[in-house]
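Coordinates from input36.csv are shown below (CSV, C-alpha atoms).
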chain,number,residue,atom,x,y,z
A,26,ALA,CA,124.7,93.4,88.3
A,27,GLN,CA,121.3,94.9,87.7
A,28,SER,CA,120.0,98.2,86.4
A,29,VAL,CA,116.7,99.9,85.5
A,30,THR,CA,116.1,102.6,82.9
A,31,GLN,CA,113.0,104.7,82.9
A,32,LEU,CA,112.8,106.0,79.4
A,33,ASP,CA,110.8,109.2,80.0
A,34,SER,CA,111.6,111.7,82.8
A,35,HIS,CA,108.2,113.5,82.1
A,36,VAL,CA,104.9,112.3,80.7
A,37,SER,CA,101.9,114.5,80.2
A,38,VAL,CA,98.4,113.1,79.4
A,39,SER,CA,94.9,114.5,79.4
A,40,GLU,CA,92.4,113.2,82.0
A,41,GLY,CA,90.6,110.2,80.7
A,42,THR,CA,93.3,109.1,78.3
A,43,PRO,CA,95.6,106.1,78.6
A,44,VAL,CA,98.8,106.3,80.6
A,45,LEU,CA,102.1,104.5,79.6
A,46,LEU,CA,105.2,104.8,81.7
A,47,ARG,CA,108.1,102.9,80.2
A,48,CYS,CA,110.7,100.8,82.1
A,49,ASN,CA,113.5,98.6,80.9
A,50,TYR,CA,115.6,96.5,83.2
A,51,SER,CA,118.8,94.5,83.2
A,52,SER,CA,119.5,91.6,85.6
A,53,SER,CA,121.6,88.5,85.8
A,54,TYR,CA,118.9,86.7,87.6
A,55,SER,CA,115.2,86.3,87.2
A,56,PRO,CA,114.3,89.6,88.8
A,57,SER,CA,111.5,90.8,91.0
A,58,LEU,CA,110.1,94.1,89.6
A,59,PHE,CA,108.1,96.8,91.3
A,60,TRP,CA,106.4,100.1,90.5
A,61,TYR,CA,106.2,102.7,93.3
A,62,VAL,CA,104.4,106.0,93.3
A,63,GLN,CA,105.4,109.2,95.2
A,64,HIS,CA,103.2,112.2,95.6
A,65,PRO,CA,104.9,115.5,96.4
A,66,ASN,CA,106.8,115.6,99.7
A,67,LYS,CA,105.6,112.1,100.6
A,68,GLY,CA,107.1,108.6,100.9
A,69,LEU,CA,106.7,106.0,98.2
A,70,GLN,CA,103.8,103.7,98.0
A,71,LEU,CA,103.8,100.3,96.2
A,72,LEU,CA,101.6,100.1,93.1
A,73,LEU,CA,102.4,96.6,92.1
A,74,LYS,CA,105.0,93.8,92.2
A,75,TYR,CA,106.1,91.1,89.7
A,76,THR,CA,107.7,87.9,91.1
A,77,SER,CA,107.7,85.4,88.3
A,78,ALA,CA,104.1,84.4,88.6
A,79,ALA,CA,101.6,85.9,86.0
A,80,THR,CA,103.3,88.2,83.6
A,81,LEU,CA,100.5,90.7,83.7
A,82,VAL,CA,100.3,92.2,87.1
A,83,LYS,CA,97.4,94.3,88.4
A,84,GLY,CA,98.0,96.9,91.0
A,85,ILE,CA,96.1,99.5,93.0
A,86,ASN,CA,94.2,102.5,91.5
A,87,GLY,CA,93.7,100.7,88.2
A,88,PHE,CA,97.3,100.4,87.2
A,89,GLU,CA,98.8,97.3,85.7
A,90,ALA,CA,102.2,96.3,84.2
A,91,GLU,CA,103.3,93.5,81.9
A,92,PHE,CA,106.6,91.7,82.3
A,93,LYS,CA,108.1,91.0,78.9
A,94,LYS,CA,111.3,89.0,79.2
A,95,SER,CA,112.1,89.1,75.5
A,96,GLU,CA,112.1,92.9,75.6
A,97,THR,CA,113.4,93.2,79.2
A,98,SER,CA,110.6,95.6,79.8
A,99,PHE,CA,108.1,96.2,82.6
A,100,HIS,CA,105.9,99.1,81.4
A,101,LEU,CA,103.2,100.6,83.6
A,102,THR,CA,99.8,101.3,82.1
A,103,LYS,CA,96.4,102.6,83.1
A,104,PRO,CA,93.4,102.8,80.7
A,105,SER,CA,92.1,106.2,81.8
A,106,ALA,CA,94.1,108.8,83.7
A,107,HIS,CA,92.7,110.7,86.7
A,108,MET,CA,93.9,114.0,88.1
A,109,SER,CA,94.9,112.2,91.3
A,110,ASP,CA,97.4,110.1,89.3
A,111,ALA,CA,99.7,113.1,88.9
A,112,ALA,CA,102.8,112.0,90.8
A,113,GLU,CA,106.3,110.6,90.3
A,114,TYR,CA,106.6,106.9,89.5
A,115,PHE,CA,109.6,104.7,90.1
A,116,CYS,CA,110.4,101.4,88.5
A,117,VAL,CA,112.5,99.2,90.8
A,118,VAL,CA,114.4,95.9,90.2
A,119,SER,CA,115.5,93.6,93.0
A,120,GLY,CA,118.6,91.5,93.1
A,121,VAL,CA,119.6,88.4,94.8
A,122,GLY,CA,121.3,88.2,98.1
A,123,GLY,CA,120.8,89.2,101.7
A,124,GLY,CA,119.6,92.5,102.7
A,125,ASN,CA,118.0,95.0,100.4
A,126,LYS,CA,119.3,94.9,96.8
A,127,LEU,CA,116.8,97.2,95.2
A,128,THR,CA,117.8,99.4,92.3
A,129,PHE,CA,115.6,102.4,91.7
A,130,GLY,CA,115.0,104.0,88.4
A,131,THR,CA,115.4,107.8,88.1
A,132,GLY,CA,111.6,108.3,88.1
A,133,THR,CA,109.0,109.5,85.6
A,134,GLN,CA,106.9,112.6,86.5
A,135,LEU,CA,103.3,112.1,85.3
A,136,LYS,CA,101.3,115.3,84.7
A,137,VAL,CA,97.6,115.0,84.1
A,138,GLU,CA,95.8,117.9,82.4
A,139,LEU,CA,92.1,118.7,82.2
B,29,ASP,CA,97.2,103.5,113.2
B,30,GLY,CA,100.2,101.5,112.0
B,31,GLY,CA,103.0,103.0,109.9
B,32,ILE,CA,106.3,104.6,109.8
B,33,THR,CA,106.9,108.0,111.3
B,34,GLN,CA,109.8,110.3,110.3
B,35,SER,CA,110.7,113.5,112.1
B,36,PRO,CA,111.2,116.2,111.7
B,37,LYS,CA,109.7,117.0,108.3
B,38,TYR,CA,112.2,119.8,107.7
B,39,LEU,CA,115.7,120.1,109.2
B,40,PHE,CA,118.5,122.6,108.8
B,41,ARG,CA,122.1,121.9,109.4
B,42,LYS,CA,124.9,124.3,110.1
B,43,GLU,CA,128.4,123.8,108.9
B,44,GLY,CA,130.3,121.2,111.0
B,45,GLN,CA,127.2,120.1,112.8
B,46,ASN,CA,125.9,116.6,113.2
B,47,VAL,CA,122.1,116.1,112.9
B,48,THR,CA,119.9,113.1,113.6
B,49,LEU,CA,116.8,112.1,111.7
B,50,SER,CA,114.3,110.0,113.5
B,51,CYS,CA,112.5,106.9,112.1
B,52,GLU,CA,110.0,104.9,114.2
B,53,GLN,CA,107.8,102.1,113.0
B,54,ASN,CA,105.0,100.2,114.7
B,55,LEU,CA,104.5,97.5,112.1
B,56,ASN,CA,106.7,95.0,113.9
B,57,HIS,CA,108.9,94.8,110.9
B,58,ASP,CA,112.4,93.3,111.2
B,59,ALA,CA,114.1,95.2,108.5
B,60,MET,CA,114.6,98.9,108.2
B,61,TYR,CA,116.3,101.1,105.6
B,62,TRP,CA,117.5,104.6,105.0
B,63,TYR,CA,117.5,106.1,101.5
B,64,ARG,CA,118.6,109.4,100.1
B,65,GLN,CA,116.7,111.0,97.2
B,66,ASP,CA,118.1,113.8,95.1
B,67,PRO,CA,116.2,115.6,92.3
B,68,GLY,CA,116.2,113.7,89.1
B,69,GLN,CA,117.7,110.6,90.6
B,70,GLY,CA,116.4,107.4,92.0
B,71,LEU,CA,116.7,106.5,95.6
B,72,ARG,CA,120.1,105.4,96.9
B,73,LEU,CA,120.5,103.2,99.9
B,74,ILE,CA,122.5,104.6,102.8
B,75,TYR,CA,122.2,101.9,105.5
B,76,TYR,CA,120.0,99.0,106.3
B,77,SER,CA,119.3,96.8,109.2
B,78,GLN,CA,117.8,93.3,109.1
B,79,ILE,CA,117.6,92.8,112.8
B,80,VAL,CA,118.1,94.6,116.1
B,81,ASN,CA,121.7,95.4,117.0
B,82,ASP,CA,122.9,94.8,113.4
B,83,PHE,CA,123.2,97.0,110.4
B,84,GLN,CA,125.1,97.2,107.1
B,85,LYS,CA,126.3,99.9,104.8
B,86,GLY,CA,124.5,100.6,101.7
B,87,ASP,CA,125.8,102.2,98.5
B,88,ILE,CA,126.5,105.7,99.9
B,89,ALA,CA,127.2,105.2,103.7
B,90,GLU,CA,130.1,107.6,103.9
B,91,GLY,CA,129.3,110.6,106.2
B,92,TYR,CA,126.4,108.8,107.8
B,93,SER,CA,125.9,106.6,110.9
B,94,VAL,CA,123.0,104.6,112.3
B,95,SER,CA,122.0,102.6,115.3
B,96,ARG,CA,119.4,99.9,115.8
B,97,GLU,CA,119.0,99.4,119.6
B,98,LYS,CA,115.3,98.8,119.3
B,99,LYS,CA,113.2,97.0,116.7
B,100,GLU,CA,110.9,100.0,116.3
B,101,SER,CA,113.6,102.7,115.9
B,102,PHE,CA,116.4,103.3,113.3
B,103,PRO,CA,117.8,106.8,113.6
B,104,LEU,CA,120.2,108.2,111.0
B,105,THR,CA,122.9,110.7,111.9
B,106,VAL,CA,124.2,112.9,109.2
B,107,THR,CA,127.7,113.8,110.3
B,108,SER,CA,129.9,116.8,109.4
B,109,ALA,CA,131.9,114.5,107.2
B,110,GLN,CA,128.9,114.4,104.8
B,111,LYS,CA,129.9,117.4,102.5
B,112,ASN,CA,126.7,117.4,100.5
B,113,PRO,CA,123.9,116.6,102.9
B,114,THR,CA,121.1,118.5,101.3
B,115,ALA,CA,118.5,115.9,100.1
B,116,PHE,CA,115.2,114.3,100.9
B,117,TYR,CA,115.7,111.3,103.3
B,118,LEU,CA,113.3,108.4,103.3
B,119,CYS,CA,113.1,105.7,105.9
B,120,ALA,CA,111.4,102.4,105.0
B,121,SER,CA,110.7,99.0,106.6
B,122,SER,CA,109.8,95.5,105.5
B,123,PRO,CA,108.7,92.4,107.3
B,124,THR,CA,112.0,90.7,106.5
B,125,GLY,CA,115.1,91.8,104.5
B,126,ASP,CA,114.2,89.7,101.5
B,127,ASN,CA,113.1,92.5,99.1
B,128,GLU,CA,109.5,92.3,100.1
B,129,LYS,CA,107.2,95.2,99.8
B,130,LEU,CA,108.7,98.3,101.4
B,131,PHE,CA,106.7,100.7,103.6
B,132,PHE,CA,107.9,104.2,103.5
B,133,GLY,CA,107.8,107.1,105.8
B,134,SER,CA,106.8,110.6,104.6
B,135,GLY,CA,110.4,111.8,104.5
B,136,THR,CA,112.7,114.5,106.0
B,137,GLN,CA,114.0,117.3,103.9
B,138,LEU,CA,117.5,118.3,105.1
B,139,SER,CA,119.0,121.6,104.1
B,140,VAL,CA,122.3,123.3,104.9
B,141,LEU,CA,122.3,126.8,106.3
What does this structure look like when you write it as structure tokens?
Amino acid sequence: AQSVTQLDSHVSVSEGTPVLLRCNYSSSYSPSLFWYVQHPNKGLQLLLKYTSAATLVKGINGFEAEFKKSETSFHLTKPSAHMSDAAEYFCVVSGVGGGNKLTFGTGTQLKVEL
Amino acid sequence: DGGITQSPKYLFRKEGQNVTLSCEQNLNHDAMYWYRQDPGQGLRLIYYSQIVNDFQKGDIAEGYSVSREKKESFPLTVTSAQKNPTAFYLCASSPTGDNEKLFFGSGTQLSVL
């Protein structure tokens, strides 16, 4: 069984300040982990993906995430927020087996203020 | 211009009516998926297909049906048996069915009249 918990449903930051979106996971296997972003009324877009290579993963638009096995965490960060980063972010864990075994978190809504 | 196209963007269903959501991809991907998104919840898998003429139920398949007659197309029918159909429906595809990067369409918002 696998699960993912996004610890904050809403995060608000000022433009130019750091972003931290928190995600904890549970998995019986060595998981693959993803962060997706969704802008209003749009589909999801992959930000980054962890698959047991480097624990620090760099993604698009300046985002990165660090896989910490001891803490079962995969937090998403960005050094400096931009207005265009305002969106909903989903942490996703994959399982093992055929087909699609992705488990999505409930999402974190990021608000960026001037 | 490659991608996934979902139509319509907005759809309204009357009581007792079946409605079909379209999903087309020109990425030559083998696997396609349908997800349902409700406010404050993560995406939940309805059906998926790893190859033409084959599909499997996801976590919430009751009240839905699909077909995969062509590689490019994976339509979803919301039947009258689905008692709470109001949601945002997302179609996705991936090169294979092995949890690779998913490519999403822009979604269809289904509402009940």
Cut-off 12 Å: closest stretch 75-102 of chain A/stretch 107-110 of chain A atom pairs per residue, using all atoms listed in the file, as JSON lines:
{"residue": "A:Ile85", "atom": "CA", "partner": "A:Asp110", "partner_atom": "CA", "distance": 11.3}
{"residue": "A:Asn86", "atom": "CA", "partner": "A:Asp110", "partner_atom": "CA", "distance": 8.5}
{"residue": "A:Gly87", "atom": "CA", "partner": "A:His107", "partner_atom": "CA", "distance": 10.2}
{"residue": "A:Phe88", "atom": "CA", "partner": "A:Asp110", "partner_atom": "CA", "distance": 9.9}
{"residue": "A:Thr102", "atom": "CA", "partner": "A:Asp110", "partner_atom": "CA", "distance": 11.6}
TODO: Can you work out the spacing between atom CA of A:His100 and atom CA of A:Ser37 in Å, to one decimal?
DONE: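 Interatomic distance, atom CA of A:His100 to atom CA of A:Ser37: 16.0 Å.
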As a PDB file with C-alpha atoms, in the frame of the given file, could you give me every residue of chain A near chain B (at most 12 Å apart, counting all atoms listed in the file)?
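File written: part-v8.pdb
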ATOM      1  CA  SER A  28     120.000  98.200  86.400  1.00  0.00           C
ATOM      2  CA  VAL A  29     116.700  99.900  85.500  1.00  0.00           C
ATOM      3  CA  THR A  30     116.100 102.600  82.900  1.00  0.00           C
ATOM      4  CA  GLN A  31     113.000 104.700  82.900  1.00  0.00           C
ATOM      5  CA  ASP A  33     110.800 109.200  80.000  1.00  0.00           C
ATOM      6  CA  SER A  34     111.600 111.700  82.800  1.00  0.00           C
ATOM      7  CA  HIS A  35     108.200 113.500  82.100  1.00  0.00           C
ATOM      8  CA  PRO A  56     114.300  89.600  88.800  1.00  0.00           C
ATOM      9  CA  SER A  57     111.500  90.800  91.000  1.00  0.00           C
ATOM     10  CA  LEU A  58     110.100  94.100  89.600  1.00  0.00           C
ATOM     11  CA  PHE A  59     108.100  96.800  91.300  1.00  0.00           C
ATOM     12  CA  TRP A  60     106.400 100.100  90.500  1.00  0.00           C
ATOM     13  CA  TYR A  61     106.200 102.700  93.300  1.00  0.00           C
ATOM     14  CA  VAL A  62     104.400 106.000  93.300  1.00  0.00           C
ATOM     15  CA  GLN A  63     105.400 109.200  95.200  1.00  0.00           C
ATOM     16  CA  HIS A  64     103.200 112.200  95.600  1.00  0.00           C
ATOM     17  CA  PRO A  65     104.900 115.500  96.400  1.00  0.00           C
ATOM     18  CA  ASN A  66     106.800 115.600  99.700  1.00  0.00           C
ATOM     19  CA  LYS A  67     105.600 112.100 100.600  1.00  0.00           C
ATOM     20  CA  GLY A  68     107.100 108.600 100.900  1.00  0.00           C
ATOM     21  CA  LEU A  69     106.700 106.000  98.200  1.00  0.00           C
ATOM     22  CA  GLN A  70     103.800 103.700  98.000  1.00  0.00           C
ATOM     23  CA  LEU A  71     103.800 100.300  96.200  1.00  0.00           C
ATOM     24  CA  LEU A  72     101.600 100.100  93.100  1.00  0.00           C
ATOM     25  CA  LEU A  73     102.400  96.600  92.100  1.00  0.00           C
ATOM     26  CA  LYS A  74     105.000  93.800  92.200  1.00  0.00           C
ATOM     27  CA  TYR A  75     106.100  91.100  89.700  1.00  0.00           C
ATOM     28  CA  THR A  76     107.700  87.900  91.100  1.00  0.00           C
ATOM     29  CA  GLU A 113     106.300 110.600  90.300  1.00  0.00           C
ATOM     30  CA  TYR A 114     106.600 106.900  89.500  1.00  0.00           C
ATOM     31  CA  PHE A 115     109.600 104.700  90.100  1.00  0.00           C
ATOM     32  CA  CYS A 116     110.400 101.400  88.500  1.00  0.00           C
ATOM     33  CA  VAL A 117     112.500  99.200  90.800  1.00  0.00           C
ATOM     34  CA  VAL A 118     114.400  95.900  90.200  1.00  0.00           C
ATOM     35  CA  SER A 119     115.500  93.600  93.000  1.00  0.00           C
ATOM     36  CA  GLY A 120     118.600  91.500  93.100  1.00  0.00           C
ATOM     37  CA  VAL A 121     119.600  88.400  94.800  1.00  0.00           C
ATOM     38  CA  GLY A 122     121.300  88.200  98.100  1.00  0.00           C
ATOM     39  CA  GLY A 123     120.800  89.200 101.700  1.00  0.00           C
ATOM     40  CA  GLY A 124     119.600  92.500 102.700  1.00  0.00           C
ATOM     41  CA  ASN A 125     118.000  95.000 100.400  1.00  0.00           C
ATOM     42  CA  LYS A 126     119.300  94.900  96.800  1.00  0.00           C
ATOM     43  CA  LEU A 127     116.800  97.200  95.200  1.00  0.00           C
ATOM     44  CA  THR A 128     117.800  99.400  92.300  1.00  0.00           C
ATOM     45  CA  PHE A 129     115.600 102.400  91.700  1.00  0.00           C
ATOM     46  CA  GLY A 130     115.000 104.000  88.400  1.00  0.00           C
ATOM     47  CA  THR A 131     115.400 107.800  88.100  1.00  0.00           C
ATOM     48  CA  GLY A 132     111.600 108.300  88.100  1.00  0.00           C
ATOM     49  CA  THR A 133     109.000 109.500  85.600  1.00  0.00           C
ATOM     50  CA  GLN A 134     106.900 112.600  86.500  1.00  0.00           C
TER      51      GLN A 134
END
TODO: One decimal, Å: what's the distance from atom CA of B:Ile79 over to atom CA of B:Thr48, could you say?
DONE: 20.4 Å
Open item on the list: For a quick check of understanding, using only C-alpha atoms, which of B:Ile88, B:Leu49, B:Val140, B:Leu39 has the smallest distance to B:Ser108?
Closed with: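 Selected residue with least distance to B:Ser108: B:Val140.
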Task: Between atom CA of B:Ala115 and atom CA of B:Lys42, distance in Å (one decimal) - done: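 Computing it gives 14.5 Å between the two atoms.
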Please enclose the listed atoms of stretch 43-51 of chain A in an axis-aligned box, pad each side by 6 Å, and write out the centre and the three edge lengths in Å, rounded to one decimal, as lines of an AutoDock Vina configuration file.
center_x = 107.2
center_y = 100.4
center_z = 80.9
size_x = 35.2
size_y = 23.8
size_z = 16.6
TODO: Would you mind listing what lies within 9 Å of B:Asn46 as a list of chain:residue names, with all atoms listed in the file counted and same-chain residues fewer than 6 positions away left out?
DONE: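 In the requested form, the answer reads B:Thr105, B:Val106, B:Thr107, B:Ser108, B:Ala109.
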- [ ] Using only C-alpha atoms, find all polymer residues with an atom at most 8 Å away from the point (108.1, 96.6, 113.4); report them as a list in words.
- [x]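 Answer for this query, in the requested form: Gln53, Asn54, Leu55, Asn56, His57, Asp58, Ala59, Lys99, Glu100, Ser121 and Pro123 of chain B.
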